[in-house]
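Structure below is entry_36.pdb: PDB, C-alpha atoms.
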```pdb
ATOM      1  CA  MET G 249      68.361 102.674  27.109
ATOM      2  CA  LYS G 250      70.300 102.842  30.363
ATOM      3  CA  ASN G 251      72.885 100.277  29.233
ATOM      4  CA  LYS G 252      73.298 102.048  25.885
ATOM      5  CA  SER G 253      73.911 105.391  27.612
ATOM      6  CA  GLN G 254      76.550 103.861  29.906
ATOM      7  CA  PHE G 255      78.301 102.237  26.940
ATOM      8  CA  SER G 256      78.328 105.550  25.027
ATOM      9  CA  LEU G 257      79.764 107.369  28.038
ATOM     10  CA  CYS G 258      82.557 104.829  28.411
ATOM     11  CA  LEU G 259      83.371 105.013  24.713
ATOM     12  CA  PHE G 260      83.416 108.838  24.844
ATOM     13  CA  LEU G 261      85.816 108.893  27.795
ATOM     14  CA  THR G 262      88.086 106.359  26.112
ATOM     15  CA  LEU G 263      88.292 108.456  22.944
ATOM     16  CA  LEU G 264      88.645 111.700  24.874
ATOM     17  CA  LEU G 265      91.485 110.500  27.117
ATOM     18  CA  GLY G 266      93.174 108.389  24.488
ATOM     19  CA  CYS G 267      93.150 105.464  26.909
ATOM     20  CA  GLN G 268      94.918 102.272  26.029
ATOM     21  CA  VAL G 269      93.307  99.206  27.481
ATOM     22  CA  GLU G 270      95.788  96.667  28.841
ATOM     23  CA  ASP G 271      95.484  93.554  30.883
ATOM     24  CA  ILE G 272      96.947  94.094  34.357
ATOM     25  CA  SER G 273      98.426  91.109  36.074
ATOM     26  CA  GLU G 274      98.463  91.173  39.869
ATOM     27  CA  VAL G 275     101.866  91.465  41.540
ATOM     28  CA  GLU G 276     102.244  89.012  44.365
ATOM     29  CA  PRO G 277     103.508  90.701  47.557
ATOM     30  CA  SER G 278     106.818  89.539  48.928
ATOM     31  CA  PRO G 279     106.279  86.698  51.385
ATOM     32  CA  GLU G 280     106.450  87.642  55.040
ATOM     33  CA  TYR G 281     109.140  86.133  57.195
ATOM     34  CA  THR G 282     109.786  86.128  60.917
ATOM     35  CA  VAL G 283     112.935  87.447  62.559
ATOM     36  CA  SER G 284     113.434  86.559  66.211
ATOM     37  CA  PHE G 285     115.989  86.562  69.015
ATOM     38  CA  ILE G 286     116.233  85.708  72.703
ATOM     39  CA  ALA G 287     116.088  88.669  75.094
ATOM     40  CA  ASN G 288     117.479  88.441  78.613
ATOM     41  CA  VAL G 289     116.932  91.124  81.231
ATOM     42  CA  GLU G 290     119.755  92.281  83.451
ATOM     43  CA  SER G 291     120.037  90.517  86.800
ATOM     44  CA  ASP G 292     121.827  92.049  89.738
ATOM     45  CA  GLU G 293     120.493  91.095  93.132
ATOM     46  CA  ALA G 294     122.460  93.874  94.808
ATOM     47  CA  SER G 295     120.886  96.638  92.746
ATOM     48  CA  LEU G 296     118.116  97.143  90.222
ATOM     49  CA  SER G 297     117.248  93.700  88.911
ATOM     50  CA  GLN G 298     115.858  93.546  85.424
ATOM     51  CA  SER G 299     114.045  96.100  83.337
ATOM     52  CA  LYS G 300     110.357  95.454  83.810
ATOM     53  CA  ALA G 301     107.564  96.336  86.194
ATOM     54  CA  THR G 302     106.156  92.813  86.446
ATOM     55  CA  MET G 303     107.465  91.395  89.702
ATOM     56  CA  GLY G 304     108.130  87.783  90.573
ATOM     57  CA  VAL G 305     110.532  85.511  92.441
ATOM     58  CA  ASN G 306     113.468  83.902  90.655
ATOM     59  CA  PRO G 307     114.806  80.359  91.334
ATOM     60  CA  SER G 308     117.111  81.816  94.002
ATOM     61  CA  GLY G 309     114.104  83.172  95.871
ATOM     62  CA  LYS G 310     115.035  86.788  95.066
ATOM     63  CA  LEU G 311     112.531  89.396  93.930
ATOM     64  CA  GLN G 312     113.044  90.395  90.306
ATOM     65  CA  THR G 313     111.090  91.548  87.295
ATOM     66  CA  PHE G 314     110.115  89.690  84.133
ATOM     67  CA  TRP G 315     109.160  90.029  80.507
ATOM     68  CA  GLU G 316     105.481  89.336  79.968
ATOM     69  CA  ARG G 317     103.124  88.614  77.101
ATOM     70  CA  GLY G 318     102.695  91.556  74.742
ATOM     71  CA  ASP G 319     105.941  93.338  75.637
ATOM     72  CA  MET G 320     107.461  95.094  72.620
ATOM     73  CA  LEU G 321     110.952  96.304  71.754
ATOM     74  CA  SER G 322     112.284  98.740  69.152
ATOM     75  CA  VAL G 323     115.050  97.031  67.171
ATOM     76  CA  TYR G 324     117.433  99.022  64.951
ATOM     77  CA  SER G 325     119.666  97.489  62.303
ATOM     78  CA  SER G 326     122.849  98.974  60.863
ATOM     79  CA  GLY G 327     121.723  97.440  57.557
ATOM     80  CA  ASN G 328     119.289 100.351  57.316
ATOM     81  CA  VAL G 329     121.994 102.999  57.540
ATOM     82  CA  ALA G 330     122.027 104.883  54.242
ATOM     83  CA  SER G 331     125.238 105.095  52.274
ATOM     84  CA  GLY G 332     127.398 107.934  53.563
ATOM     85  CA  SER G 333     125.454 108.163  56.818
ATOM     86  CA  THR G 334     126.027 106.724  60.276
ATOM     87  CA  SER G 335     122.620 106.989  61.929
ATOM     88  CA  THR G 336     119.187 105.522  61.395
ATOM     89  CA  LYS G 337     115.618 106.033  62.568
ATOM     90  CA  VAL G 338     114.387 102.875  60.872
ATOM     91  CA  TYR G 339     113.232 100.473  63.535
ATOM     92  CA  TYR G 340     111.006  97.442  63.960
ATOM     93  CA  GLY G 341     108.585  96.476  66.697
ATOM     94  CA  PHE G 342     109.542  93.051  68.043
ATOM     95  CA  GLU G 343     106.974  91.408  70.334
ATOM     96  CA  THR G 344     106.950  88.434  72.676
ATOM     97  CA  THR G 345     104.113  85.931  72.968
ATOM     98  CA  LEU G 346     105.063  84.575  76.376
ATOM     99  CA  THR G 347     102.339  82.677  78.176
ATOM    100  CA  LEU G 348     103.943  83.141  81.606
ATOM    101  CA  PRO G 349     106.256  85.929  82.843
ATOM    102  CA  SER G 350     109.943  85.095  82.442
ATOM    103  CA  SER G 351     113.375  86.724  82.689
ATOM    104  CA  SER G 352     114.185  85.358  79.216
ATOM    105  CA  ALA G 353     111.886  85.510  76.200
ATOM    106  CA  VAL G 354     111.815  85.155  72.436
ATOM    107  CA  PHE G 355     110.944  88.403  70.662
ATOM    108  CA  GLY G 356     109.935  88.294  67.014
ATOM    109  CA  TYR G 357     109.022  90.549  64.107
ATOM    110  CA  LYS G 358     106.930  89.338  61.184
ATOM    111  CA  GLY G 359     107.094  91.269  57.926
ATOM    112  CA  ASN G 360     108.872  91.552  54.594
ATOM    113  CA  ASP G 361     110.982  94.675  55.090
ATOM    114  CA  PHE G 362     113.559  93.809  57.733
ATOM    115  CA  VAL G 363     117.098  94.615  56.557
ATOM    116  CA  ALA G 364     119.814  92.679  58.359
ATOM    117  CA  GLY G 365     122.943  94.509  59.461
ATOM    118  CA  GLU G 366     126.262  94.051  61.207
ATOM    119  CA  GLN G 367     125.080  95.617  64.462
ATOM    120  CA  TYR G 368     121.752  95.805  66.230
ATOM    121  CA  VAL G 369     120.489  98.010  69.036
ATOM    122  CA  ALA G 370     117.223  97.309  70.848
ATOM    123  CA  ILE G 371     115.379  99.616  73.230
ATOM    124  CA  TYR G 372     112.582  98.844  75.676
ATOM    125  CA  PRO G 373     109.831  99.999  75.717
ATOM    126  CA  TYR G 374     108.724 100.195  72.090
ATOM    127  CA  THR G 375     107.503 103.641  71.020
ATOM    128  CA  SER G 376     105.591 104.003  67.770
ATOM    129  CA  ASN G 377     105.016 107.756  67.670
ATOM    130  CA  SER G 378     108.414 109.055  68.736
ATOM    131  CA  PRO G 379     111.213 107.260  66.863
ATOM    132  CA  ARG G 380     114.525 107.288  68.624
ATOM    133  CA  GLU G 381     117.760 107.498  66.688
ATOM    134  CA  VAL G 382     120.805 105.235  66.783
ATOM    135  CA  ASN G 383     124.237 106.292  65.593
ATOM    136  CA  PHE G 384     126.065 103.232  64.292
ATOM    137  CA  GLY G 385     129.182 105.263  63.559
ATOM    138  CA  ALA G 386     130.954 103.783  66.567
ATOM    139  CA  LYS G 387     134.024 105.571  67.883
ATOM    140  CA  VAL G 388     136.874 104.380  70.061
ATOM    141  CA  ILE G 389     136.623 106.059  73.462
ATOM    142  CA  SER G 390     140.366 106.673  73.920
ATOM    143  CA  SER G 391     143.757 105.223  73.085
ATOM    144  CA  SER G 392     143.747 103.437  76.445
ATOM    145  CA  ASP G 393     140.177 102.173  76.029
ATOM    146  CA  THR G 394     139.606 100.563  72.648
ATOM    147  CA  ARG G 395     135.957  99.694  73.203
ATOM    148  CA  MET G 396     133.445 101.132  70.754
ATOM    149  CA  ALA G 397     130.672 103.589  71.630
ATOM    150  CA  TYR G 398     127.259 103.671  69.966
ATOM    151  CA  HIS G 399     125.154 106.757  70.605
ATOM    152  CA  MET G 400     121.377 106.835  70.981
ATOM    153  CA  SER G 401     119.017 109.759  71.348
ATOM    154  CA  GLN G 402     115.428 110.299  72.443
ATOM    155  CA  MET G 403     115.492 107.860  75.300
ATOM    156  CA  ILE G 404     112.662 108.934  77.571
ATOM    157  CA  VAL G 405     112.005 108.692  81.300
ATOM    158  CA  PRO G 406     108.402 109.965  81.681
ATOM    159  CA  GLN G 407     108.046 113.105  83.748
ATOM    160  CA  ALA G 408     104.575 111.929  84.866
ATOM    161  CA  GLN G 409     104.506 108.319  86.044
ATOM    162  CA  THR G 410     101.618 106.054  87.007
ATOM    163  CA  LEU G 411     102.868 103.715  89.707
ATOM    164  CA  VAL G 412     101.542 100.300  90.666
ATOM    165  CA  ALA G 413     101.686  98.568  94.037
ATOM    166  CA  GLY G 414     104.898  96.565  94.208
ATOM    167  CA  GLY G 415     106.175  97.992  90.928
ATOM    168  CA  PHE G 416     106.555 101.030  88.725
ATOM    169  CA  ASP G 417     105.340 102.586  85.497
ATOM    170  CA  ARG G 418     106.277 100.138  82.725
ATOM    171  CA  LYS G 419     106.749 103.032  80.286
ATOM    172  CA  ALA G 420     109.571 104.273  82.504
ATOM    173  CA  ALA G 421     111.531 101.019  82.497
ATOM    174  CA  VAL G 422     114.003 102.095  79.811
ATOM    175  CA  ALA G 423     116.500  99.358  78.873
ATOM    176  CA  VAL G 424     118.856  98.815  75.934
ATOM    177  CA  ALA G 425     120.766  95.965  74.303
ATOM    178  CA  PHE G 426     123.464  95.604  71.641
ATOM    179  CA  SER G 427     124.279  92.592  69.478
ATOM    180  CA  GLU G 428     126.207  91.649  66.354
ATOM    181  CA  ASP G 429     124.246  88.537  65.448
ATOM    182  CA  LEU G 430     120.658  89.124  66.668
ATOM    183  CA  SER G 431     120.498  85.729  68.321
ATOM    184  CA  VAL G 432     120.742  86.748  71.983
ATOM    185  CA  MET G 433     120.428  90.297  73.309
ATOM    186  CA  ASN G 434     121.186  91.084  76.939
ATOM    187  CA  PHE G 435     119.341  94.172  78.126
ATOM    188  CA  LYS G 436     120.869  96.749  80.445
ATOM    189  CA  ASN G 437     118.768  99.132  82.492
ATOM    190  CA  ALA G 438     119.083 102.789  81.583
ATOM    191  CA  VAL G 439     117.391 104.038  84.751
ATOM    192  CA  SER G 440     117.584 103.952  88.524
ATOM    193  CA  LEU G 441     114.692 103.433  90.913
ATOM    194  CA  ILE G 442     113.682 105.317  94.034
ATOM    195  CA  LYS G 443     111.774 102.983  96.352
ATOM    196  CA  PHE G 444     109.475 103.943  99.220
ATOM    197  CA  LYS G 445     106.416 103.124 101.312
ATOM    198  CA  VAL G 446     103.907 105.585 102.779
ATOM    199  CA  ALA G 447     102.719 105.649 106.387
ATOM    200  CA  ASP G 448      99.666 107.848 105.779
ATOM    201  CA  LYS G 449      96.436 106.564 104.257
ATOM    202  CA  ASN G 450      95.439 109.672 102.334
ATOM    203  CA  ILE G 451      98.383 110.025  99.934
ATOM    204  CA  ILE G 452      97.188 110.407  96.333
ATOM    205  CA  SER G 453     100.175 112.015  94.615
ATOM    206  CA  GLY G 454     103.823 112.883  94.993
ATOM    207  CA  SER G 455     106.905 114.199  93.267
ATOM    208  CA  ILE G 456     110.674 113.981  93.328
ATOM    209  CA  LYS G 457     112.449 117.268  92.669
ATOM    210  CA  ALA G 458     116.113 117.767  91.878
ATOM    211  CA  GLU G 459     116.915 121.472  91.829
ATOM    212  CA  GLY G 460     119.585 122.219  89.242
ATOM    213  CA  SER G 461     119.590 118.690  87.774
ATOM    214  CA  LYS G 462     117.490 116.863  85.166
ATOM    215  CA  ILE G 463     116.140 113.502  86.321
ATOM    216  CA  ALA G 464     113.442 112.884  83.693
ATOM    217  CA  GLY G 465     112.388 113.534  80.126
ATOM    218  CA  THR G 466     114.253 113.011  76.868
ATOM    219  CA  PHE G 467     117.953 112.312  77.174
ATOM    220  CA  LYS G 468     120.815 110.780  75.253
ATOM    221  CA  ALA G 469     122.968 107.860  76.274
ATOM    222  CA  CYS G 470     126.017 106.079  74.972
ATOM    223  CA  VAL G 471     126.295 102.308  74.714
ATOM    224  CA  LEU G 472     129.868 101.258  75.332
ATOM    225  CA  THR G 473     130.379  97.716  74.121
ATOM    226  CA  SER G 474     132.480  95.419  76.245
ATOM    227  CA  ASP G 475     134.380  92.356  75.089
ATOM    228  CA  GLY G 476     131.189  90.336  75.417
ATOM    229  CA  HIS G 477     129.275  92.835  73.252
ATOM    230  CA  GLU G 478     127.054  93.719  76.182
ATOM    231  CA  PRO G 479     126.402  97.441  76.498
ATOM    232  CA  VAL G 480     127.519  99.476  79.441
ATOM    233  CA  LEU G 481     125.652 102.755  79.652
ATOM    234  CA  VAL G 482     127.888 105.783  80.048
ATOM    235  CA  ASP G 483     128.030 109.443  79.072
ATOM    236  CA  TYR G 484     124.449 110.544  79.806
ATOM    237  CA  SER G 485     123.467 113.913  78.432
ATOM    238  CA  LYS G 486     121.094 116.194  80.286
ATOM    239  CA  GLY G 487     117.396 115.416  80.420
ATOM    240  CA  THR G 488     114.568 117.910  80.066
ATOM    241  CA  TYR G 489     112.822 117.862  83.467
ATOM    242  CA  ALA G 490     114.110 118.528  86.972
ATOM    243  CA  ASP G 491     111.278 116.629  88.626
ATOM    244  CA  VAL G 492     109.117 113.530  88.362
ATOM    245  CA  ASP G 493     105.434 113.541  89.330
ATOM    246  CA  PHE G 494     103.759 110.292  90.314
ATOM    247  CA  SER G 495     100.314 108.982  91.223
ATOM    248  CA  LEU G 496      98.213 105.832  90.904
ATOM    249  CA  ALA G 497      95.665 105.041  88.204
ATOM    250  CA  GLY G 498      92.386 106.835  88.846
ATOM    251  CA  ASN G 499      94.069 109.005  91.516
ATOM    252  CA  SER G 500      93.585 106.227  94.047
ATOM    253  CA  ALA G 501      95.203 106.495  97.466
ATOM    254  CA  PHE G 502      98.557 104.782  97.998
ATOM    255  CA  SER G 503      98.446 101.617 100.059
ATOM    256  CA  THR G 504     100.380 101.651 103.333
ATOM    257  CA  ASP G 505     101.194  97.964 102.822
ATOM    258  CA  ALA G 506     102.838  98.248  99.386
ATOM    259  CA  GLU G 507     106.221  99.337  98.078
ATOM    260  CA  TYR G 508     106.419 101.750  95.134
ATOM    261  CA  TYR G 509     109.197 102.555  92.675
ATOM    262  CA  VAL G 510     109.822 105.777  90.739
ATOM    263  CA  ALA G 511     112.180 105.643  87.738
ATOM    264  CA  VAL G 512     114.739 108.439  87.403
ATOM    265  CA  ARG G 513     117.549 109.177  84.992
ATOM    266  CA  PRO G 514     121.105 108.560  86.233
ATOM    267  CA  THR G 515     122.881 111.862  86.669
ATOM    268  CA  GLU G 516     125.065 113.978  88.901
ATOM    269  CA  LEU G 517     123.051 116.009  91.406
ATOM    270  CA  GLU G 518     123.889 119.609  92.162
ATOM    271  CA  ASN G 519     121.625 119.931  95.194
ATOM    272  CA  GLY G 520     120.478 116.403  95.974
ATOM    273  CA  PHE G 521     116.770 115.695  95.625
ATOM    274  CA  SER G 522     113.609 116.159  97.659
ATOM    275  CA  ILE G 523     110.476 114.055  97.868
ATOM    276  CA  TYR G 524     106.991 115.490  98.246
ATOM    277  CA  LEU G 525     103.706 113.772  99.116
ATOM    278  CA  ASN G 526     100.421 115.583  98.496
ATOM    279  CA  ASP G 527     102.481 118.704  97.605
ATOM    280  CA  THR G 528     104.089 118.647 101.073
ATOM    281  CA  LEU G 529     107.857 118.404 101.490
ATOM    282  CA  VAL G 530     108.660 115.185 103.346
ATOM    283  CA  LYS G 531     112.437 115.023 103.242
ATOM    284  CA  LYS G 532     115.522 116.169 101.351
ATOM    285  CA  TYR G 533     118.375 113.790 100.485
ATOM    286  CA  ASN G 534     121.888 115.187  99.976
ATOM    287  CA  LEU G 535     122.893 112.675  97.344
ATOM    288  CA  THR G 536     125.581 113.768  94.864
ATOM    289  CA  GLU G 537     124.865 111.220  92.144
ATOM    290  CA  ILE G 538     122.139 108.882  90.949
ATOM    291  CA  LYS G 539     123.808 105.775  89.548
ATOM    292  CA  ARG G 540     122.429 103.541  86.830
ATOM    293  CA  ASN G 541     120.882 100.242  87.839
ATOM    294  CA  VAL G 542     120.615 101.079  91.546
ATOM    295  CA  ILE G 543     117.572 101.078  93.822
ATOM    296  CA  TYR G 544     117.574 103.882  96.396
ATOM    297  CA  ASN G 545     115.395 102.807  99.293
ATOM    298  CA  LEU G 546     113.842 105.733 101.185
ATOM    299  CA  GLY G 547     112.022 103.464 103.607
ATOM    300  CA  GLU G 548     108.657 104.524 105.012
ATOM    301  CA  LEU G 549     107.677 108.145 104.378
ATOM    302  CA  THR G 550     105.479 110.079 106.799
ATOM    303  CA  LEU G 551     103.896 113.459 106.289
ATOM    304  CA  PRO G 552     105.354 116.023 108.694
ATOM    305  CA  GLN G 553     103.207 117.025 111.663
ATOM    306  CA  ILE G 554     101.823 120.525 111.361
ATOM    307  CA  SER G 555     102.308 122.593 114.504
ATOM    308  CA  GLY G 556      99.096 123.145 116.423
ATOM    309  CA  VAL G 557      97.123 120.399 114.768
ATOM    310  CA  GLY G 558      95.212 118.337 117.315
ATOM    311  CA  MET G 559      95.687 120.854 120.128
ATOM    312  CA  LYS G 560      92.706 122.391 121.923
ATOM    313  CA  LYS G 561      92.931 125.863 123.367
ATOM    314  CA  ILE G 562      91.275 126.125 126.775
ATOM    315  CA  LEU G 563      89.770 129.472 127.742
ATOM    316  CA  SER G 564      88.958 130.257 131.367
ATOM    317  CA  PHE G 565      86.800 133.095 132.626
ATOM    318  CA  ASP G 566      86.759 134.667 136.063
TER     319      ASP G 566
END
```

Please go through the file and, once you have read it, give me the structure as structure tokens.
Amino acid sequence: MKNKSQFSLCLFLTLLLGCQVEDISEVEPSPEYTVSFIANVESDEASLSQSKATMGVNPSGKLQTFWERGDMLSVYSSGNVASGSTSTKVYYGFETTLTLPSSSAVFGYKGNDFVAGEQYVAIYPYTSNSPREVNFGAKVISSSDTRMAYHMSQMIVPQAQTLVAGGFDRKAAVAVAFSEDLSVMNFKNAVSLIKFKVADKNIISGSIKAEGSKIAGTFKACVLTSDGHEPVLVDYSKGTYADVDFSLAGNSAFSTDAEYYVAVRPTELENGFSIYLNDTLVKKYNLTEIKRNVIYNLGELTLPQISGVGMKKILSFD
């Protein structure tokens, strides 16, 4: 009885809806393919070397940073620029499967939707929830400078950074690359670093403040291609924050034996910048400009002595 009722219901629905029964053949998905390229990080022993927070020693015995397993890049292709447009927000997450940290690594993307183009821009680190935009409508800078400029937006230096001993917040290590063949991409740092040590054992937080200037947050930058198609970062627009706050994971105390690095956006400074530890002003620096790819070493920072602390008042009675 149950089977008969189900058959009658199916027949009724078929008649009611006027359904036409057809055989449906499965459509095979397009086969996935892998796109890959070699990524090199910028090396400059006299300034900010590389674009990562993983530290190591290079063959010359100099401290530098490396790509490491699981690092991801956002890669944009001019092949995704719609007809009549010059910009794109279509991007792909390329990842490396390095087994050991290295200054050069193969990054790959596996899928079936990559559209090749004439130009490529890559940004580190990869961000999935806040797509940046690349303008492939390159323009000549001036009649005396015939290099081409590619504009990017939504580059982000975090306003709140979680530092690590001997390194910095990997999310703050913004770097970019430009290529016309997607075989080798040489990354340029988009930030500067402020380096310091602490002399006190009870430091759990700090901040760098630049009154009148924006040293963190979302900003725009221009990639100016040189003859070797390597980008030179110029023409920074204003950021969104005048300060950077920093701490360690779990609000742990800073080690007095370690060096720490805070990433800041290159910019002109109206009133220099000041550094605070535990909400206490430590020192002000009358710098007029923060330059890209430079480490500013503040040395060892000590909390100022508060007048009267440690003194005992002696009262005498006749």

Could you list the residues chosen by the PyMOL selection byres ((chain G and resi 439) around 9) in this structure as a list in words?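 So the PyMOL selection byres ((chain G and resi 439) around 9), applied here, picks out Leu296, Ser299, Val405, Ala420, Ala421, Val422, Ala423, Asn437, Ala438, Ser440, Leu441, Ala511, Val512, Arg513, Pro514, Lys539, Arg540, Asn541 and Val542 of chain G.
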
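Coordinates place atom CA of G:Leu348 at a distance of 27.2 Å from atom CA of G:Ile442.
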
Min atom-atom distance to G:Gly498 from the set G:Val412, G:Glu548, G:Ala458, G:Ile543, counting only C-alpha atoms, belongs to G:Val412

Requested in this report: Just give me the gap between atom CA of G:Asn519 and atom CA of G:Glu459 in Å, one decimal is fine.
Outcome: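 Computing the Euclidean distance for atom CA of G:Asn519 and atom CA of G:Glu459 yields 6.0 Å.
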
**Asked** Which residues fall under the PyMOL selection byres ((chain G and resi 288) around 6) in this file, as an NGL selection string?
**Response** :G and (287 or 289 or 352 or 434)

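Here the question is which of G:Tyr281, G:Phe444, G:Tyr324, G:Tyr340 gets nearest to G:Asn360 using only C-alpha atoms, and that residue is G:Tyr281.
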
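Here atom CA of G:Asn534 stands at a distance of 6.7 Å from atom CA of G:Phe521.
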
* Could you spell out the hits of the PyMOL selection byres ((chain G and resi 373-382) around 9) on the shown file, as number ranges by chain? -> G: 319-324, 326, 334-342, 369, 371-372, 383-385, 398-403, 418-423

Tell me which protein, DNA and RNA residues are within 8 Å of G:Asp527, counting all atoms listed in the file, leaving out same-chain ones fewer than 6 positions away, and put them as a short mmCIF file (atom, residue, chain, number, x, y, z; two decimals) with C-alpha atoms, in the frame of the given file.
```
data_model
loop_
_atom_site.label_atom_id
_atom_site.label_comp_id
_atom_site.auth_asym_id
_atom_site.auth_seq_id
_atom_site.Cartn_x
_atom_site.Cartn_y
_atom_site.Cartn_z
CA SER G 453 100.18 112.02 94.62
CA GLY G 454 103.82 112.88 94.99
CA SER G 455 106.90 114.20 93.27
#
```

Can you report as lines of an AutoDock Vina configuration file the centre and edge lengths in Å, to one decimal, of an axis-aligned box around the listed atoms of stretch 344-355 of chain G padded with 4 Å on each side?
```
center_x = 108.3
center_y = 85.6
center_z = 76.8
size_x = 19.8
size_y = 13.8
size_z = 20.2
```

Considering all atoms listed in the file, state which residue in the set G:Ile451, G:Leu535, G:Lys457, G:Thr515 is at the smallest distance from G:Ser495.
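Ranking G:Ile451, G:Leu535, G:Lys457, G:Thr515 by distance to G:Ser495, first place goes to G:Ile451.
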
For G:Ala497, which residue out of G:Ala408, G:Asp448, G:Glu518, G:Thr528 is the nearest one, using all atoms listed in the file?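 For G:Ala497, the nearest of the candidates is G:Ala408.
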
**Request:** May I have the protein, DNA and RNA residues with any atom at most 8 Å from the point (105.0, 109.1, 105.2), counting all atoms listed in the file, written as a list in words?
**Result:**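 These residues have at least one counted atom within 8 Å: Lys445, Val446, Ala447, Asp448, Leu525, Val530, Glu548, Leu549, Thr550, Leu551 and Pro552 of chain G.
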